[in-house]
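Peer 1: Sharing a structure here in structure tokens format.
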Amino acid sequence: LTNDQLAQWDRDNFFHPSTHLGQFARGEAAQRIVTGGEGCHITDRDGNRLLDAFAGLYCVNVGYGRTEISDAIAKQAQELAYYHAYAGHGSEASITLAKMVMDRAPDHMARVYFGLGGSDANETNIKLVWYYNNILGRPLKKKIISRWRGYHGSGLMTGSLTGLELFHKKFDLPLSQVVHTDAPYYFRRPRAEMSEADFTAHLVGELEALIEREGADTIAAFIGEPVLGTGGIVPPPAGYWEAVQKVLEKHDILFIADEVVTGFGRLGSMFGSHHYALKPDLITIAKGLTSAYAPLSGSIVSQRMWDVLARGTDENGVLGHGWTYSAHPIGAAAGIANLELIDTLDLVGNAGRTGAYLNKVMAKALGDHRNVGEVRGEGMLCAVELVKDRDSRTFFDPAAGTGAKVVAAMLKRGVIARAMPQGDILGFAPPLCLTEAEADTIAEVTAESLREVLG
Ligand code: PLP
């Protein structure tokens, strides 16, 4: 089988997610057939070896090629590839992983429900929130507040929660139960002279006004990523989470921390909830739970919610919610081996240390360029925001695809970064095992590529 044949089969048969369908089918869009991976690198069928500075879709946290995980998957597949988890059934792997997740979660959390991916975990969360308010006799308290630029998946409800134009356009989203508030995006603050504290106060004012407009008795929950991810990789402004949590508490609004990206070490803390002292009612996990070696996600439920859910089943019978593949034993086996590796290799510590180093060398290599508005990050997350003019914070015409051009120039030099979907923002979220030498390479290649595209 030649590469040409496989590429043709790909164009003729495979409906790729998040892809320009027409261009791909015509052979005009990027196409890559990935064949292997080791550490922070992947290899493709054309013989390229690329440094993956986005860890797939910020999910391969332990890096590629870990035999500890592939061996655990193989062993599980041989012993028991599948059994369901309905009506009190489980496997040794799923029970053990549940214990491991709860040992790592914030103390006030009580149980973990397992799904397949981040989107379905957030769908579960919304259903649990609605169920919770119905049990409490508050049938009108159902709307969910999300942030513009938040990313929570691409299902019907989760695509609605997502606050990015690309995921709504022509899909009849967002659905009416979702309302959006401003993104905590300091670089794009409305007035340049605002301090971070001013901006936080402004955001909290907007949130309060939204709650007032809609009526607190109609709002069930607020969902947010500890650090905005796909919306631009943006750490929150000073004091943001503390102030937002106060507002939610005041209005009896549940808090869903979407930790699909930040869970299991990416910020240099086990959870973003630890990192920013969050006290969520639900925590969404996926990606880093198995480092994507097998699909698995979860909804971690607080004690206060759990008590109401349990009461709900006493009153109404079995909870009518579940997937065939909930708590799949192979995903669970991958999760156990993955969480063990994160501990033995101290990847949470490395994410903090080498992440800080990556942010430092990126700022040094790029910070002075006239088209770099900001280099920002937290832990093993980093973003470079490109601007036409620094002083006035003027952006490039989105149609020019400036960010995508820089990312393409980086690819030629063997480094994968991600052109974030809204704005000319270069995104970096490497595996948590990144070395300083690899961080240096990322910074050098980004700087060279930026000069090639923008001079
Ligand atoms: N939540 C966040 C914060 C994410 O970044 C993502 C995916 O990138 C999701 C949810 C959706 O996860 P999935 O793509 O596994 O459905």
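By order of appearance in the structure tokens: chains A, B, ..., then residues from 1 within every chain, and ligands from 1 in the order shown.
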Show which residues sit within 6 Å of region 77-89 of chain A, as number ranges by chain. Count only C-alpha atoms, and ignore same-chain residues fewer than 2 positions away.

Peer 2: A: 74-75, 329

Peer 1: Which polymer residues have any atom within 12 Å of an atom of Gly288 (chain A), counting only C-alpha atoms, with same-chain residues fewer than 2 positions away left out, as a ChimeraX atom specification?

Peer 2: /A:55-63,101,117-118,259-267,270-271,284-286,290-298,331,334-339,341-342,347-348,429,431-432

Peer 1: Pull C-alpha atoms from the residues just selected and write them as a PDB file, in the first residue's frame.

Peer 2:
ATOM      1  CA  ALA A  55       0.352  16.964  22.997  1.00  0.00           C
ATOM      2  CA  GLY A  56      -2.236  15.928  20.392  1.00  0.00           C
ATOM      3  CA  LEU A  57      -5.208  18.000  21.574  1.00  0.00           C
ATOM      4  CA  TYR A  58      -3.563  18.833  24.904  1.00  0.00           C
ATOM      5  CA  CYS A  59      -4.219  15.309  26.039  1.00  0.00           C
ATOM      6  CA  VAL A  60      -1.095  13.119  25.786  1.00  0.00           C
ATOM      7  CA  ASN A  61       0.129  14.346  29.158  1.00  0.00           C
ATOM      8  CA  VAL A  62       2.641  11.558  29.854  1.00  0.00           C
ATOM      9  CA  GLY A  63       3.990  11.675  26.288  1.00  0.00           C
ATOM     10  CA  VAL A 101      -9.357   9.803  41.176  1.00  0.00           C
ATOM     11  CA  GLY A 117     -14.896  12.120  26.419  1.00  0.00           C
ATOM     12  CA  GLY A 118     -15.071  15.675  27.688  1.00  0.00           C
ATOM     13  CA  GLU A 259     -10.876  20.564  34.158  1.00  0.00           C
ATOM     14  CA  VAL A 260     -10.663  18.554  30.947  1.00  0.00           C
ATOM     15  CA  VAL A 261      -7.417  20.377  30.108  1.00  0.00           C
ATOM     16  CA  THR A 262      -6.231  21.370  33.589  1.00  0.00           C
ATOM     17  CA  GLY A 263      -6.970  18.109  35.430  1.00  0.00           C
ATOM     18  CA  PHE A 264      -4.078  15.819  36.353  1.00  0.00           C
ATOM     19  CA  GLY A 265      -1.203  18.221  36.341  1.00  0.00           C
ATOM     20  CA  ARG A 266      -1.158  20.639  33.445  1.00  0.00           C
ATOM     21  CA  LEU A 267      -0.971  23.758  35.638  1.00  0.00           C
ATOM     22  CA  MET A 270      -3.053  18.082  40.384  1.00  0.00           C
ATOM     23  CA  PHE A 271      -6.201  20.080  39.575  1.00  0.00           C
ATOM     24  CA  THR A 284     -15.182  17.584  34.468  1.00  0.00           C
ATOM     25  CA  ILE A 285     -12.199  15.353  33.679  1.00  0.00           C
ATOM     26  CA  ALA A 286     -11.025  13.650  30.462  1.00  0.00           C
ATOM     27  CA  THR A 290      -5.710   8.449  30.548  1.00  0.00           C
ATOM     28  CA  SER A 291      -3.339  10.721  28.617  1.00  0.00           C
ATOM     29  CA  ALA A 292      -5.657   9.738  25.726  1.00  0.00           C
ATOM     30  CA  TYR A 293      -4.246   6.201  25.522  1.00  0.00           C
ATOM     31  CA  ALA A 294      -7.907   5.123  25.661  1.00  0.00           C
ATOM     32  CA  PRO A 295     -11.099   7.214  25.743  1.00  0.00           C
ATOM     33  CA  LEU A 296     -12.305   7.952  29.252  1.00  0.00           C
ATOM     34  CA  SER A 297     -13.810  10.967  30.987  1.00  0.00           C
ATOM     35  CA  GLY A 298     -15.491  11.672  34.264  1.00  0.00           C
ATOM     36  CA  GLY A 331     -10.044   2.996  29.615  1.00  0.00           C
ATOM     37  CA  ALA A 334      -5.155   2.936  30.954  1.00  0.00           C
ATOM     38  CA  GLY A 335      -6.163   5.495  33.596  1.00  0.00           C
ATOM     39  CA  ILE A 336      -4.607   3.529  36.461  1.00  0.00           C
ATOM     40  CA  ALA A 337      -1.275   3.065  34.650  1.00  0.00           C
ATOM     41  CA  ASN A 338      -1.348   6.717  33.566  1.00  0.00           C
ATOM     42  CA  LEU A 339      -1.967   8.137  37.066  1.00  0.00           C
ATOM     43  CA  LEU A 341       3.207   7.216  35.814  1.00  0.00           C
ATOM     44  CA  ILE A 342       2.263  10.824  36.578  1.00  0.00           C
ATOM     45  CA  LEU A 347       5.005  15.022  35.999  1.00  0.00           C
ATOM     46  CA  VAL A 348       2.926  17.480  38.002  1.00  0.00           C
ATOM     47  CA  ALA A 429       0.463  22.661  25.552  1.00  0.00           C
ATOM     48  CA  PRO A 431       3.334  16.748  27.130  1.00  0.00           C
ATOM     49  CA  LEU A 432       4.086  17.264  30.816  1.00  0.00           C
TER      50      LEU A 432
END

Peer 1: Counting only C-alpha atoms, what is within 8 Å of Gln177 (chain A), bar same-chain residues fewer than 4 positions away, as a ChimeraX atom specification?

Peer 2: /A:142-144

Peer 1: Compile the contact shell of region 219-233 of chain A as an MDAnalysis selection string: residues with an atom at most 8 Å away, counting only C-alpha atoms, same-chain residues fewer than 2 positions apart removed.

Peer 2: chainID A and resid 129:130 133 141:147 149:151 161 163:164 211 214:217 235:236 248 252:259 261:262 272:273 276 376:377 381:383 420:423 425 427

Peer 1: Would you save the residues from that selection as a PDB file, in the first residue's frame, using C-alpha atoms?

Peer 2:
ATOM      1  CA  VAL A 129     -27.633  19.894  37.607  1.00  0.00           C
ATOM      2  CA  TRP A 130     -31.187  19.783  36.230  1.00  0.00           C
ATOM      3  CA  ASN A 133     -32.846  21.283  41.040  1.00  0.00           C
ATOM      4  CA  LYS A 141     -33.776  27.057  38.057  1.00  0.00           C
ATOM      5  CA  LYS A 142     -32.274  25.530  34.903  1.00  0.00           C
ATOM      6  CA  LYS A 143     -30.215  27.999  32.832  1.00  0.00           C
ATOM      7  CA  ILE A 144     -26.472  27.595  32.601  1.00  0.00           C
ATOM      8  CA  ILE A 145     -24.042  30.513  32.471  1.00  0.00           C
ATOM      9  CA  SER A 146     -20.942  29.954  30.372  1.00  0.00           C
ATOM     10  CA  ARG A 147     -18.264  32.389  29.199  1.00  0.00           C
ATOM     11  CA  ARG A 149     -14.529  31.861  24.477  1.00  0.00           C
ATOM     12  CA  GLY A 150     -15.128  28.979  26.857  1.00  0.00           C
ATOM     13  CA  TYR A 151     -14.770  25.508  25.327  1.00  0.00           C
ATOM     14  CA  LEU A 161     -21.852  26.109  26.405  1.00  0.00           C
ATOM     15  CA  GLY A 163     -18.547  30.299  23.444  1.00  0.00           C
ATOM     16  CA  LEU A 164     -16.779  30.231  20.089  1.00  0.00           C
ATOM     17  CA  ILE A 211     -27.966  37.205  36.829  1.00  0.00           C
ATOM     18  CA  GLU A 214     -32.294  36.598  33.885  1.00  0.00           C
ATOM     19  CA  GLY A 215     -33.350  36.193  37.519  1.00  0.00           C
ATOM     20  CA  ALA A 216     -31.260  34.101  39.937  1.00  0.00           C
ATOM     21  CA  ASP A 217     -34.187  31.726  40.374  1.00  0.00           C
ATOM     22  CA  PRO A 235      -5.058  32.556  32.698  1.00  0.00           C
ATOM     23  CA  PRO A 236      -7.638  34.473  34.757  1.00  0.00           C
ATOM     24  CA  LEU A 248     -22.314  32.140  42.671  1.00  0.00           C
ATOM     25  CA  ASP A 252     -27.159  29.622  45.035  1.00  0.00           C
ATOM     26  CA  ILE A 253     -25.735  28.842  41.586  1.00  0.00           C
ATOM     27  CA  LEU A 254     -23.783  25.591  41.199  1.00  0.00           C
ATOM     28  CA  PHE A 255     -20.218  25.776  39.914  1.00  0.00           C
ATOM     29  CA  ILE A 256     -18.916  23.340  37.289  1.00  0.00           C
ATOM     30  CA  ALA A 257     -15.128  23.473  36.929  1.00  0.00           C
ATOM     31  CA  ASP A 258     -14.297  22.081  33.500  1.00  0.00           C
ATOM     32  CA  GLU A 259     -10.876  20.564  34.158  1.00  0.00           C
ATOM     33  CA  VAL A 261      -7.417  20.377  30.108  1.00  0.00           C
ATOM     34  CA  THR A 262      -6.231  21.370  33.589  1.00  0.00           C
ATOM     35  CA  GLY A 272      -6.885  23.669  38.601  1.00  0.00           C
ATOM     36  CA  SER A 273      -9.267  23.601  41.580  1.00  0.00           C
ATOM     37  CA  TYR A 276      -6.928  28.581  42.150  1.00  0.00           C
ATOM     38  CA  ARG A 376       1.148  34.353  28.535  1.00  0.00           C
ATOM     39  CA  GLY A 377       0.688  31.037  30.245  1.00  0.00           C
ATOM     40  CA  LEU A 381       0.362  26.069  28.872  1.00  0.00           C
ATOM     41  CA  CYS A 382       1.621  28.981  26.827  1.00  0.00           C
ATOM     42  CA  ALA A 383       0.147  31.304  24.204  1.00  0.00           C
ATOM     43  CA  MET A 420      -6.209  28.702  18.140  1.00  0.00           C
ATOM     44  CA  PRO A 421      -9.618  28.994  16.445  1.00  0.00           C
ATOM     45  CA  GLN A 422     -10.556  32.587  17.336  1.00  0.00           C
ATOM     46  CA  GLY A 423      -7.809  35.208  16.970  1.00  0.00           C
ATOM     47  CA  ILE A 425      -3.036  33.073  18.814  1.00  0.00           C
ATOM     48  CA  GLY A 427      -1.073  27.776  21.384  1.00  0.00           C
TER      49      GLY A 427
END

Peer 1: Looking only at helix (DSSP H, G or I) from DSSP on the backbone, list the matching residues of region 261-428 of chain A as a PyMOL selection string.

Peer 2: chain A and resi 272-275+287-289+303-316+329-344+347-366+398-400+402-412

Peer 1: Out of region 381-420 of chain A, which residues get strand (DSSP E) from DSSP, as number ranges by chain?

Peer 2: A: 382-386, 415-416, 418-419

Peer 1: Output all heavy atoms of each residue in that selection to a file, as a PDB file, in the first residue's frame.

Peer 2:
ATOM      1  N   CYS A 382       1.032  27.714  27.238  1.00  0.00           N
ATOM      2  CA  CYS A 382       1.621  28.981  26.827  1.00  0.00           C
ATOM      3  C   CYS A 382       0.914  29.445  25.552  1.00  0.00           C
ATOM      4  O   CYS A 382       0.484  28.622  24.738  1.00  0.00           O
ATOM      5  CB  CYS A 382       3.122  28.771  26.560  1.00  0.00           C
ATOM      6  SG  CYS A 382       3.983  30.237  25.956  1.00  0.00           S
ATOM      7  N   ALA A 383       0.746  30.754  25.420  1.00  0.00           N
ATOM      8  CA  ALA A 383       0.147  31.304  24.204  1.00  0.00           C
ATOM      9  C   ALA A 383       0.916  32.544  23.788  1.00  0.00           C
ATOM     10  O   ALA A 383       1.425  33.283  24.634  1.00  0.00           O
ATOM     11  CB  ALA A 383      -1.320  31.649  24.445  1.00  0.00           C
ATOM     12  N   VAL A 384       0.988  32.737  22.477  1.00  0.00           N
ATOM     13  CA  VAL A 384       1.591  33.947  21.918  1.00  0.00           C
ATOM     14  C   VAL A 384       0.500  34.627  21.110  1.00  0.00           C
ATOM     15  O   VAL A 384      -0.021  34.055  20.147  1.00  0.00           O
ATOM     16  CB  VAL A 384       2.790  33.600  21.006  1.00  0.00           C
ATOM     17  CG1 VAL A 384       3.369  34.870  20.384  1.00  0.00           C
ATOM     18  CG2 VAL A 384       3.859  32.840  21.776  1.00  0.00           C
ATOM     19  N   GLU A 385       0.112  35.823  21.537  1.00  0.00           N
ATOM     20  CA  GLU A 385      -0.966  36.538  20.844  1.00  0.00           C
ATOM     21  C   GLU A 385      -0.342  37.531  19.864  1.00  0.00           C
ATOM     22  O   GLU A 385       0.434  38.414  20.253  1.00  0.00           O
ATOM     23  CB  GLU A 385      -1.844  37.268  21.864  1.00  0.00           C
ATOM     24  CG  GLU A 385      -2.906  38.124  21.215  1.00  0.00           C
ATOM     25  CD  GLU A 385      -4.312  37.768  21.665  1.00  0.00           C
ATOM     26  OE1 GLU A 385      -4.488  37.251  22.777  1.00  0.00           O
ATOM     27  OE2 GLU A 385      -5.252  38.019  20.888  1.00  0.00           O
ATOM     28  N   LEU A 386      -0.700  37.377  18.584  1.00  0.00           N
ATOM     29  CA  LEU A 386      -0.134  38.242  17.549  1.00  0.00           C
ATOM     30  C   LEU A 386      -1.023  39.450  17.326  1.00  0.00           C
ATOM     31  O   LEU A 386      -2.258  39.345  17.363  1.00  0.00           O
ATOM     32  CB  LEU A 386      -0.004  37.458  16.236  1.00  0.00           C
ATOM     33  CG  LEU A 386       0.823  36.167  16.328  1.00  0.00           C
ATOM     34  CD1 LEU A 386       0.854  35.462  14.974  1.00  0.00           C
ATOM     35  CD2 LEU A 386       2.239  36.451  16.809  1.00  0.00           C
ATOM     36  N   VAL A 415       8.100  21.485  14.343  1.00  0.00           N
ATOM     37  CA  VAL A 415       7.409  21.686  15.627  1.00  0.00           C
ATOM     38  C   VAL A 415       5.914  21.917  15.383  1.00  0.00           C
ATOM     39  O   VAL A 415       5.538  22.746  14.557  1.00  0.00           O
ATOM     40  CB  VAL A 415       8.004  22.889  16.407  1.00  0.00           C
ATOM     41  CG1 VAL A 415       7.174  23.177  17.665  1.00  0.00           C
ATOM     42  CG2 VAL A 415       9.456  22.611  16.793  1.00  0.00           C
ATOM     43  N   ILE A 416       5.084  21.171  16.120  1.00  0.00           N
ATOM     44  CA  ILE A 416       3.632  21.338  16.026  1.00  0.00           C
ATOM     45  C   ILE A 416       3.156  22.289  17.121  1.00  0.00           C
ATOM     46  O   ILE A 416       3.316  22.012  18.309  1.00  0.00           O
ATOM     47  CB  ILE A 416       2.904  19.992  16.225  1.00  0.00           C
ATOM     48  CG1 ILE A 416       3.350  18.988  15.148  1.00  0.00           C
ATOM     49  CG2 ILE A 416       1.387  20.178  16.205  1.00  0.00           C
ATOM     50  CD1 ILE A 416       2.808  17.580  15.363  1.00  0.00           C
ATOM     51  N   ARG A 418      -0.464  25.022  17.837  1.00  0.00           N
ATOM     52  CA  ARG A 418      -1.854  25.063  17.358  1.00  0.00           C
ATOM     53  C   ARG A 418      -2.263  26.510  17.124  1.00  0.00           C
ATOM     54  O   ARG A 418      -2.068  27.363  17.979  1.00  0.00           O
ATOM     55  CB  ARG A 418      -2.767  24.432  18.396  1.00  0.00           C
ATOM     56  CG  ARG A 418      -4.228  24.378  17.961  1.00  0.00           C
ATOM     57  CD  ARG A 418      -5.013  23.507  18.917  1.00  0.00           C
ATOM     58  NE  ARG A 418      -6.422  23.438  18.557  1.00  0.00           N
ATOM     59  CZ  ARG A 418      -7.386  23.097  19.399  1.00  0.00           C
ATOM     60  NH1 ARG A 418      -7.082  22.774  20.644  1.00  0.00           N
ATOM     61  NH2 ARG A 418      -8.639  23.051  19.014  1.00  0.00           N
ATOM     62  N   ALA A 419      -2.801  26.762  15.921  1.00  0.00           N
ATOM     63  CA  ALA A 419      -3.395  28.069  15.655  1.00  0.00           C
ATOM     64  C   ALA A 419      -4.773  28.024  16.299  1.00  0.00           C
ATOM     65  O   ALA A 419      -5.660  27.303  15.856  1.00  0.00           O
ATOM     66  CB  ALA A 419      -3.510  28.305  14.156  1.00  0.00           C
TER      67      ALA A 419
END

Peer 1: Do you have the CA of Phe54 (chain A)-CA of Phe428 (chain A) distance handy?

Peer 2: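 Result for CA of Phe54 (chain A) versus CA of Phe428 (chain A): 5.3 Å, one decimal.
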
Peer 1: Excluding region 31-35 of chain A and its own-chain neighbours fewer than 5 positions away, which residues fall within 10 Å of it when counting only C-alpha atoms? Please give them as a PDB file with N, CA and C atoms, in the first residue's frame.

Peer 2:
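What landed in selection05.pdb:
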ATOM      1  N   ASN A   3       1.664   5.429   0.082  1.00  0.00           N
ATOM      2  CA  ASN A   3       1.094   6.601   0.749  1.00  0.00           C
ATOM      3  C   ASN A   3       0.021   7.246  -0.111  1.00  0.00           C
ATOM      4  N   LEU A   6      -3.279   5.418   0.298  1.00  0.00           N
ATOM      5  CA  LEU A   6      -3.889   5.659   1.603  1.00  0.00           C
ATOM      6  C   LEU A   6      -4.454   7.075   1.672  1.00  0.00           C
ATOM      7  N   ALA A   7      -3.718   8.022   1.110  1.00  0.00           N
ATOM      8  CA  ALA A   7      -4.177   9.423   1.117  1.00  0.00           C
ATOM      9  C   ALA A   7      -5.475   9.543   0.326  1.00  0.00           C
ATOM     10  N   ASP A  10      -8.322   8.085   2.279  1.00  0.00           N
ATOM     11  CA  ASP A  10      -8.624   9.043   3.347  1.00  0.00           C
ATOM     12  C   ASP A  10      -9.576  10.117   2.809  1.00  0.00           C
ATOM     13  N   ARG A  11      -9.222  10.691   1.678  1.00  0.00           N
ATOM     14  CA  ARG A  11     -10.055  11.770   1.114  1.00  0.00           C
ATOM     15  C   ARG A  11     -11.422  11.276   0.669  1.00  0.00           C
ATOM     16  N   PHE A  24     -10.602  19.358   2.023  1.00  0.00           N
ATOM     17  CA  PHE A  24      -9.956  18.072   2.304  1.00  0.00           C
ATOM     18  C   PHE A  24     -10.270  17.050   1.206  1.00  0.00           C
ATOM     19  N   ILE A  42       6.094  12.823  17.488  1.00  0.00           N
ATOM     20  CA  ILE A  42       5.339  11.862  16.681  1.00  0.00           C
ATOM     21  C   ILE A  42       6.070  11.668  15.344  1.00  0.00           C
ATOM     22  N   THR A  43       5.774  10.552  14.695  1.00  0.00           N
ATOM     23  CA  THR A  43       6.312  10.318  13.356  1.00  0.00           C
ATOM     24  C   THR A  43       5.150  10.076  12.405  1.00  0.00           C
ATOM     25  N   ASP A  44       5.356  10.419  11.123  1.00  0.00           N
ATOM     26  CA  ASP A  44       4.288  10.188  10.151  1.00  0.00           C
ATOM     27  C   ASP A  44       4.769   9.282   9.023  1.00  0.00           C
ATOM     28  N   ARG A  45       3.835   8.924   8.136  1.00  0.00           N
ATOM     29  CA  ARG A  45       4.118   7.966   7.071  1.00  0.00           C
ATOM     30  C   ARG A  45       5.080   8.494   6.035  1.00  0.00           C
ATOM     31  N   ASP A  46       5.247   9.832   5.988  1.00  0.00           N
ATOM     32  CA  ASP A  46       6.214  10.396   5.049  1.00  0.00           C
ATOM     33  C   ASP A  46       7.610  10.465   5.659  1.00  0.00           C
ATOM     34  N   GLY A  47       7.758   9.953   6.865  1.00  0.00           N
ATOM     35  CA  GLY A  47       9.083   9.905   7.479  1.00  0.00           C
ATOM     36  C   GLY A  47       9.450  11.147   8.281  1.00  0.00           C
ATOM     37  N   ASN A  48       8.476  12.038   8.531  1.00  0.00           N
ATOM     38  CA  ASN A  48       8.767  13.210   9.365  1.00  0.00           C
ATOM     39  C   ASN A  48       8.729  12.836  10.841  1.00  0.00           C
ATOM     40  N   ARG A  49       9.616  13.473  11.608  1.00  0.00           N
ATOM     41  CA  ARG A  49       9.577  13.359  13.071  1.00  0.00           C
ATOM     42  C   ARG A  49       9.329  14.756  13.603  1.00  0.00           C
TER      43      ARG A  49
END
